[in-house]
>>> print(open('run05.cif').read())   # mmCIF, C-alpha atoms, pLDDT in the B column; chains and numbers go by the auth columns
data_data
loop_
_atom_site.group_PDB
_atom_site.id
_atom_site.type_symbol
_atom_site.label_atom_id
_atom_site.label_comp_id
_atom_site.label_asym_id
_atom_site.label_seq_id
_atom_site.Cartn_x
_atom_site.Cartn_y
_atom_site.Cartn_z
_atom_site.B_iso_or_equiv
_atom_site.auth_seq_id
_atom_site.auth_asym_id
ATOM 1 C CA MET A 1 174.119 211.796 112.285 50.00 25 C
ATOM 2 C CA PRO A 2 170.666 212.122 110.718 50.00 26 C
ATOM 3 C CA ALA A 3 169.702 215.598 109.611 50.00 27 C
ATOM 4 C CA SER A 4 166.664 215.602 111.916 48.00 28 C
ATOM 5 C CA SER A 5 168.833 215.152 115.040 46.00 29 C
ATOM 6 C CA ARG A 6 171.238 217.984 114.208 45.00 30 C
ATOM 7 C CA ARG A 7 170.665 221.232 115.993 44.00 31 C
ATOM 8 C CA SER A 8 171.149 224.464 114.187 44.00 32 C
ATOM 9 C CA SER A 9 173.848 226.705 115.536 41.00 33 C
ATOM 10 C CA PRO A 10 172.634 229.854 117.267 47.00 34 C
ATOM 11 C CA VAL A 11 175.451 231.704 115.494 45.00 35 C
ATOM 12 C CA ARG A 12 174.725 232.574 111.906 46.00 36 C
ATOM 13 C CA GLU A 13 177.948 232.844 110.074 46.00 37 C
ATOM 14 C CA GLY A 14 178.313 235.639 107.623 46.00 38 C
ATOM 15 C CA SER A 15 181.315 236.807 105.714 47.00 39 C
ATOM 16 C CA HIS A 16 183.036 237.698 109.013 50.00 40 C
ATOM 17 C CA GLY A 17 182.527 234.445 110.967 53.00 41 C
ATOM 18 C CA GLU A 18 181.014 235.527 114.285 59.00 42 C
ATOM 19 C CA ALA A 19 180.442 239.151 113.275 74.00 43 C
ATOM 20 C CA PRO A 20 176.623 238.882 113.455 89.00 44 C
ATOM 21 C CA LEU A 21 176.883 237.704 117.067 90.00 45 C
ATOM 22 C CA ALA A 22 179.315 240.507 117.916 91.00 46 C
ATOM 23 C CA GLU A 23 177.062 243.039 116.184 91.00 47 C
ATOM 24 C CA ARG A 24 174.019 241.777 118.065 91.00 48 C
ATOM 25 C CA PHE A 25 175.788 242.120 121.404 93.00 49 C
ATOM 26 C CA ALA A 26 177.220 245.511 120.480 94.00 50 C
ATOM 27 C CA ALA A 27 173.639 246.677 119.899 93.00 51 C
ATOM 28 C CA LEU A 28 172.571 245.119 123.202 93.00 52 C
ATOM 29 C CA GLY A 29 175.465 246.843 124.988 93.00 53 C
ATOM 30 C CA ARG A 30 174.417 250.201 123.518 94.00 54 C
ATOM 31 C CA ALA A 31 170.777 249.692 124.498 94.00 55 C
ATOM 32 C CA ILE A 32 171.525 248.610 128.074 93.00 56 C
ATOM 33 C CA GLY A 33 174.239 251.263 128.404 93.00 57 C
ATOM 34 C CA GLU A 34 171.826 253.994 127.295 93.00 58 C
ATOM 35 C CA ARG A 35 169.191 252.721 129.735 92.00 59 C
ATOM 36 C CA GLU A 36 171.644 252.606 132.638 90.00 60 C
ATOM 37 C CA ALA A 37 173.254 255.975 131.797 92.00 61 C
ATOM 38 C CA GLU A 38 170.379 257.765 133.503 90.00 62 C
ATOM 39 C CA HIS A 39 171.606 256.258 136.790 91.00 63 C
ATOM 40 C CA ALA A 40 175.207 257.470 136.380 92.00 64 C
ATOM 41 C CA ASP A 41 174.875 260.472 138.712 94.00 65 C
ATOM 42 C CA GLY A 42 173.229 258.409 141.460 93.00 66 C
ATOM 43 C CA LEU A 43 175.840 255.673 141.060 94.00 67 C
ATOM 44 C CA GLU A 44 178.659 258.219 141.289 95.00 68 C
ATOM 45 C CA ARG A 45 177.089 259.621 144.460 95.00 69 C
ATOM 46 C CA ALA A 46 176.869 256.070 145.841 96.00 70 C
ATOM 47 C CA ARG A 47 180.526 255.436 144.955 96.00 71 C
ATOM 48 C CA ALA A 48 181.635 258.658 146.694 97.00 72 C
ATOM 49 C CA CYS A 49 179.622 257.705 149.779 96.00 73 C
ATOM 50 C CA ALA A 50 181.020 254.153 149.840 97.00 74 C
ATOM 51 C CA GLU A 51 184.588 255.431 149.377 97.00 75 C
ATOM 52 C CA SER A 52 184.147 257.891 152.253 96.00 76 C
ATOM 53 C CA LEU A 53 182.680 255.235 154.547 97.00 77 C
ATOM 54 C CA ARG A 54 185.449 252.808 153.567 98.00 78 C
ATOM 55 C CA THR A 55 188.079 255.413 154.465 97.00 79 C
ATOM 56 C CA ASP A 56 186.488 255.833 157.908 96.00 80 C
ATOM 57 C CA VAL A 57 186.239 252.073 158.452 97.00 81 C
ATOM 58 C CA ALA A 58 189.822 251.494 157.291 98.00 82 C
ATOM 59 C CA ALA A 59 191.067 254.086 159.809 97.00 83 C
ATOM 60 C CA ALA A 60 189.020 252.452 162.589 97.00 84 C
ATOM 61 C CA LEU A 61 190.378 249.025 161.657 97.00 85 C
ATOM 62 C CA ALA A 62 193.953 250.326 161.672 97.00 86 C
ATOM 63 C CA SER A 63 193.396 251.514 165.256 97.00 87 C
ATOM 64 C CA PHE A 64 191.800 248.193 166.189 97.00 88 C
ATOM 65 C CA HIS A 65 194.657 246.167 164.649 97.00 89 C
ATOM 66 C CA ARG A 66 197.317 248.299 166.335 97.00 90 C
ATOM 67 C CA GLU A 67 195.734 248.049 169.789 97.00 91 C
ATOM 68 C CA ALA A 68 194.837 244.353 169.471 96.00 92 C
ATOM 69 C CA ALA A 69 198.448 243.605 168.545 97.00 93 C
ATOM 70 C CA ALA A 70 199.765 245.726 171.422 97.00 94 C
ATOM 71 C CA ALA A 71 197.477 243.822 173.798 97.00 95 C
ATOM 72 C CA GLY A 72 198.914 240.507 172.601 96.00 96 C
ATOM 73 C CA ALA A 73 196.467 239.474 169.870 95.00 97 C
ATOM 74 C CA PRO A 74 198.116 240.354 166.534 95.00 98 C
ATOM 75 C CA HIS A 75 196.168 237.537 164.877 94.00 99 C
ATOM 76 C CA LEU A 76 192.911 239.530 164.989 94.00 100 C
ATOM 77 C CA GLN A 77 193.236 240.839 161.462 94.00 101 C
ATOM 78 C CA VAL A 78 190.184 241.967 159.491 96.00 102 C
ATOM 79 C CA GLU A 79 190.302 242.378 155.720 97.00 103 C
ATOM 80 C CA ILE A 80 188.512 245.224 153.953 98.00 104 C
ATOM 81 C CA SER A 81 187.773 244.961 150.242 98.00 105 C
ATOM 82 C CA PRO A 82 188.002 247.803 147.757 98.00 106 C
ATOM 83 C CA VAL A 83 184.764 249.544 146.833 98.00 107 C
ATOM 84 C CA ARG A 84 183.148 247.730 143.907 97.00 108 C
ATOM 85 C CA VAL A 85 179.812 247.396 142.154 95.00 109 C
ATOM 86 C CA ASP A 86 177.462 245.581 144.521 93.00 110 C
ATOM 87 C CA ASP A 87 177.262 241.826 143.977 88.00 111 C
ATOM 88 C CA LYS A 88 173.445 241.885 143.975 89.00 112 C
ATOM 89 C CA HIS A 89 172.439 245.348 142.753 89.00 113 C
ATOM 90 C CA VAL A 90 174.136 246.783 139.681 91.00 114 C
ATOM 91 C CA ARG A 91 173.087 250.317 140.713 94.00 115 C
ATOM 92 C CA SER A 92 174.869 250.130 144.075 96.00 116 C
ATOM 93 C CA MET A 93 178.428 250.148 145.388 97.00 117 C
ATOM 94 C CA GLU A 94 179.767 248.039 148.255 97.00 118 C
ATOM 95 C CA PHE A 95 182.754 247.035 150.284 98.00 119 C
ATOM 96 C CA GLU A 96 183.092 243.997 152.510 97.00 120 C
ATOM 97 C CA LEU A 97 184.726 243.227 155.827 97.00 121 C
ATOM 98 C CA SER A 98 185.932 239.691 156.456 96.00 122 C
ATOM 99 C CA ARG A 99 187.742 237.640 159.043 95.00 123 C
ATOM 100 C CA GLY A 100 187.602 233.921 158.465 92.00 124 C
ATOM 101 C CA ARG A 101 183.964 233.075 157.695 93.00 125 C
ATOM 102 C CA HIS A 102 182.676 236.283 159.313 95.00 126 C
ATOM 103 C CA ARG A 103 181.377 238.920 156.920 95.00 127 C
ATOM 104 C CA ALA A 104 179.808 242.366 156.967 96.00 128 C
ATOM 105 C CA ILE A 105 178.880 244.473 153.943 96.00 129 C
ATOM 106 C CA VAL A 106 178.400 248.216 153.563 97.00 130 C
ATOM 107 C CA THR A 107 176.306 249.146 150.522 96.00 131 C
ATOM 108 C CA ALA A 108 175.562 252.601 149.113 97.00 132 C
ATOM 109 C CA LYS A 109 172.701 252.611 146.616 96.00 133 C
ATOM 110 C CA SER A 110 172.179 255.010 143.740 94.00 134 C
ATOM 111 C CA ARG A 111 168.631 255.644 144.948 93.00 135 C
ATOM 112 C CA GLY A 112 170.093 257.309 148.055 94.00 136 C
ATOM 113 C CA ASP A 113 170.353 254.656 150.788 94.00 137 C
ATOM 114 C CA VAL A 114 173.202 253.200 152.819 96.00 138 C
ATOM 115 C CA THR A 115 172.618 249.628 153.992 95.00 139 C
ATOM 116 C CA LEU A 116 174.687 247.838 156.625 96.00 140 C
ATOM 117 C CA VAL A 117 174.448 244.062 156.174 95.00 141 C
ATOM 118 C CA GLY A 118 175.478 241.708 158.935 91.00 142 C
ATOM 119 C CA PRO A 119 177.476 240.593 160.632 94.00 143 C
ATOM 120 C CA PHE A 120 176.918 237.091 159.280 92.00 144 C
ATOM 121 C CA ARG A 121 178.908 233.974 158.413 91.00 145 C
ATOM 122 C CA ALA A 122 179.829 233.162 154.827 88.00 146 C
ATOM 123 C CA GLY A 123 177.543 230.468 153.489 83.00 147 C
ATOM 124 C CA LYS A 124 174.738 231.511 155.840 83.00 148 C
ATOM 125 C CA THR A 125 171.842 233.872 155.312 82.00 149 C
ATOM 126 C CA GLU A 126 172.969 237.486 155.075 82.00 150 C
ATOM 127 C CA GLY A 127 171.599 239.879 157.618 77.00 151 C
ATOM 128 C CA PRO A 128 170.484 241.624 159.656 82.00 152 C
ATOM 129 C CA CYS A 129 170.181 244.743 157.480 91.00 153 C
ATOM 130 C CA LYS A 130 169.780 248.368 158.512 93.00 154 C
ATOM 131 C CA SER A 131 169.229 251.132 155.967 93.00 155 C
ATOM 132 C CA PHE A 132 169.646 254.884 156.258 94.00 156 C
ATOM 133 C CA PRO A 133 169.386 257.843 153.872 94.00 157 C
ATOM 134 C CA ILE A 134 172.806 258.740 152.403 93.00 158 C
ATOM 135 C CA ASP A 135 172.349 262.334 153.589 92.00 159 C
ATOM 136 C CA ALA A 136 171.799 261.321 157.244 92.00 160 C
ATOM 137 C CA GLN A 137 175.530 261.396 157.963 89.00 161 C
ATOM 138 C CA ASP A 138 175.271 261.540 161.769 91.00 162 C
ATOM 139 C CA GLU A 139 172.823 258.639 161.814 93.00 163 C
ATOM 140 C CA VAL A 140 174.964 256.611 159.381 93.00 164 C
ATOM 141 C CA SER A 141 178.139 257.323 161.400 92.00 165 C
ATOM 142 C CA GLY A 142 176.551 256.231 164.677 92.00 166 C
ATOM 143 C CA ALA A 143 175.080 253.092 163.149 94.00 167 C
ATOM 144 C CA LEU A 144 178.360 252.308 161.382 95.00 168 C
ATOM 145 C CA ALA A 145 180.264 252.447 164.689 95.00 169 C
ATOM 146 C CA SER A 146 177.848 250.002 166.350 94.00 170 C
ATOM 147 C CA PHE A 147 177.825 247.819 163.223 95.00 171 C
ATOM 148 C CA LEU A 148 181.626 247.627 163.179 95.00 172 C
ATOM 149 C CA GLU A 149 181.773 246.854 166.920 95.00 173 C
ATOM 150 C CA ASP A 150 179.264 244.020 166.467 94.00 174 C
ATOM 151 C CA PHE A 151 181.260 242.631 163.557 95.00 175 C
ATOM 152 C CA LEU A 152 184.575 242.768 165.443 95.00 176 C
ATOM 153 C CA GLU A 153 183.074 241.088 168.511 94.00 177 C
ATOM 154 C CA GLU A 154 181.617 238.251 166.416 92.00 178 C
ATOM 155 C CA ALA A 155 184.751 237.898 164.282 92.00 179 C
ATOM 156 C CA ALA A 156 186.913 237.589 167.404 92.00 180 C
ATOM 157 C CA THR A 157 184.684 234.996 169.072 87.00 181 C
ATOM 158 C CA PRO A 158 185.471 231.334 168.386 78.00 182 C
#
>>> encode(input="run05.cif", output="structure tokens")
Amino acid sequence: MPASSRRSSPVREGSHGEAPLAERFAALGRAIGEREAEHADGLERARACAESLRTDVAAALASFHREAAAAGAPHLQVEISPVRVDDKHVRSMEFELSRGRHRAIVTAKSRGDVTLVGPFRAGKTEGPCKSFPIDAQDEVSGALASFLEDFLEEAATP
């Protein structure tokens, strides 16, 4: 291969092989980590909120599953994911509800909002979205109940 057509490697090898690349990314990790550390308290608050909401939703779903099964429809099972870092916003926490292609997402953001996304079908545009202040617990609880009812109705409709 002619020298002019060779591309130089983005990794400069030193005495430790890929050590310069590892060092570069260690520095990047420190810099981004230091920048994001200022959001740690807000993210912890968001996690606590999401965990609390998930607990409430899981209890509601347990009641729904029990009664649906007793009424003759044990196949109406809804999955609830663990709380995790939001798929779109690194400073937010979320959990997801799913049944088949039906989805709904509850997101708690470090800036102090709770957003209810859906219900929607996987592969389709997400939405509708409704947001509330984290501290508006009565408003969030009421909206969450309606949100969950809407999701269960859509998820149980062919």
>>> residues_around(input="run05.cif", residues="Gly142 of chain C", least_positions_apart="2", cutoff="7 Å", atoms="only C-alpha atoms", output="list in words")
Arg127, Ala128, Ile129, Leu140, Phe144, Glu150, Gly151, Pro152 and Cys153 of chain C
>>> closest_residue(input="run05.cif", among="C:Thr139, C:Thr79, C:Ser170, C:Ser165", to="Val107 of chain C", atoms="only C-alpha atoms")
C:Thr79
>>> atom_distance(input="run05.cif", atom1="atom CA of Leu45 of chain C", atom2="atom CA of Gly57 of chain C")
17.9 Å
>>> residues_around(input="run05.cif", residues="segment 109-119 of chain C", least_positions_apart="4", cutoff="8 Å", atoms="only C-alpha atoms", output="PyMOL selection string")
chain C and resi 63+67+70-71+74+78+104-105+129-134
>>> resolve_selection(input="run05.cif", expression="the PyMOL selection byres ((chain C and resi 85-99) around 12)", output="list of chain:residue names")
C:Arg78, C:Thr79, C:Asp80, C:Val81, C:Ala82, C:Ala83, C:Ala84, C:Leu100, C:Gln101, C:Val102, C:Glu103, C:Ile104, C:Leu121, C:Ser122, C:Arg123, C:Gly124, C:Ala169, C:Leu172, C:Glu173, C:Phe175, C:Leu176, C:Glu177, C:Ala179, C:Ala180
>>> atom_distance(input="run05.cif", atom1="atom CA of Arg125 of chain C", atom2="atom CA of Phe171 of chain C")
16.9 Å
>>> atom_distance(input="run05.cif", atom1="atom CA of Val138 of chain C", atom2="atom CA of Ile158 of chain C")
5.6 Å
>>> closest_residue(input="run05.cif", among="C:Asp137, C:Glu75, C:Glu178, C:Ala50", to="Glu163 of chain C", atoms="all atoms listed in the file")
C:Asp137
>>> axis_aligned_box(input="run05.cif", around="segment 137-142 of chain C", padding_each_side="6 Å", output="AutoDock Vina command-line options")
--center_x 172.9 --center_y 248.2 --center_z 154.9 --size_x 17.1 --size_y 24.9 --size_z 20.1
>>> closest_residue(input="run05.cif", among="C:Pro143, C:Arg59, C:Thr149, C:Ala64", to="Leu168 of chain C", atoms="only C-alpha atoms")
C:Pro143
>>> closest_residue(input="run05.cif", among="C:Pro157, C:Arg135, C:His126, C:Gly147", to="Asp174 of chain C", atoms="only C-alpha atoms")
C:His126
>>> decode(input="run05.cif", residues="segment 118-133 of chain C", atoms="N, CA and C atoms", output="JSON list (two decimals), in the first residue's frame")
[["chain", "number", "residue", "atom", "x", "y", "z"],
["C", 118, "GLU", "N", -36.00, 7.53, 35.22],
["C", 118, "GLU", "CA", -37.26, 7.08, 34.65],
["C", 118, "GLU", "C", -37.54, 5.64, 34.98],
["C", 119, "PHE", "N", -38.82, 5.29, 34.83],
["C", 119, "PHE", "CA", -39.21, 3.88, 34.75],
["C", 119, "PHE", "C", -40.28, 3.80, 33.68],
["C", 120, "GLU", "N", -40.44, 2.59, 33.13],
["C", 120, "GLU", "CA", -41.31, 2.39, 31.98],
["C", 120, "GLU", "C", -42.35, 1.31, 32.28],
["C", 121, "LEU", "N", -43.52, 1.51, 31.74],
["C", 121, "LEU", "CA", -44.58, 0.50, 31.77],
["C", 121, "LEU", "C", -44.69, -0.05, 30.36],
["C", 122, "SER", "N", -44.91, -1.35, 30.23],
["C", 122, "SER", "CA", -45.05, -1.93, 28.90],
["C", 122, "SER", "C", -45.98, -3.14, 28.94],
["C", 123, "ARG", "N", -46.73, -3.27, 27.86],
["C", 123, "ARG", "CA", -47.53, -4.44, 27.58],
["C", 123, "ARG", "C", -47.57, -4.53, 26.07],
["C", 124, "GLY", "N", -46.92, -5.56, 25.54],
["C", 124, "GLY", "CA", -46.81, -5.66, 24.09],
["C", 124, "GLY", "C", -46.08, -4.45, 23.55],
["C", 125, "ARG", "N", -46.68, -3.76, 22.57],
["C", 125, "ARG", "CA", -46.06, -2.56, 21.99],
["C", 125, "ARG", "C", -46.47, -1.29, 22.72],
["C", 126, "HIS", "N", -47.34, -1.40, 23.71],
["C", 126, "HIS", "CA", -47.82, -0.23, 24.45],
["C", 126, "HIS", "C", -46.79, 0.17, 25.49],
["C", 127, "ARG", "N", -46.55, 1.48, 25.58],
["C", 127, "ARG", "CA", -45.55, 2.01, 26.50],
["C", 127, "ARG", "C", -46.08, 3.25, 27.20],
["C", 128, "ALA", "N", -45.54, 3.50, 28.38],
["C", 128, "ALA", "CA", -45.75, 4.73, 29.12],
["C", 128, "ALA", "C", -44.48, 4.92, 29.96],
["C", 129, "ILE", "N", -44.06, 6.16, 30.12],
["C", 129, "ILE", "CA", -42.82, 6.45, 30.83],
["C", 129, "ILE", "C", -43.09, 7.51, 31.89],
["C", 130, "VAL", "N", -42.54, 7.29, 33.08],
["C", 130, "VAL", "CA", -42.59, 8.28, 34.15],
["C", 130, "VAL", "C", -41.15, 8.75, 34.36],
["C", 131, "THR", "N", -40.95, 10.06, 34.22],
["C", 131, "THR", "CA", -39.62, 10.65, 34.34],
["C", 131, "THR", "C", -39.60, 11.69, 35.44],
["C", 132, "ALA", "N", -38.59, 11.62, 36.30],
["C", 132, "ALA", "CA", -38.35, 12.64, 37.32],
["C", 132, "ALA", "C", -37.03, 13.31, 36.95],
["C", 133, "LYS", "N", -37.06, 14.62, 36.82],
["C", 133, "LYS", "CA", -35.90, 15.38, 36.35],
["C", 133, "LYS", "C", -35.21, 16.09, 37.50]]
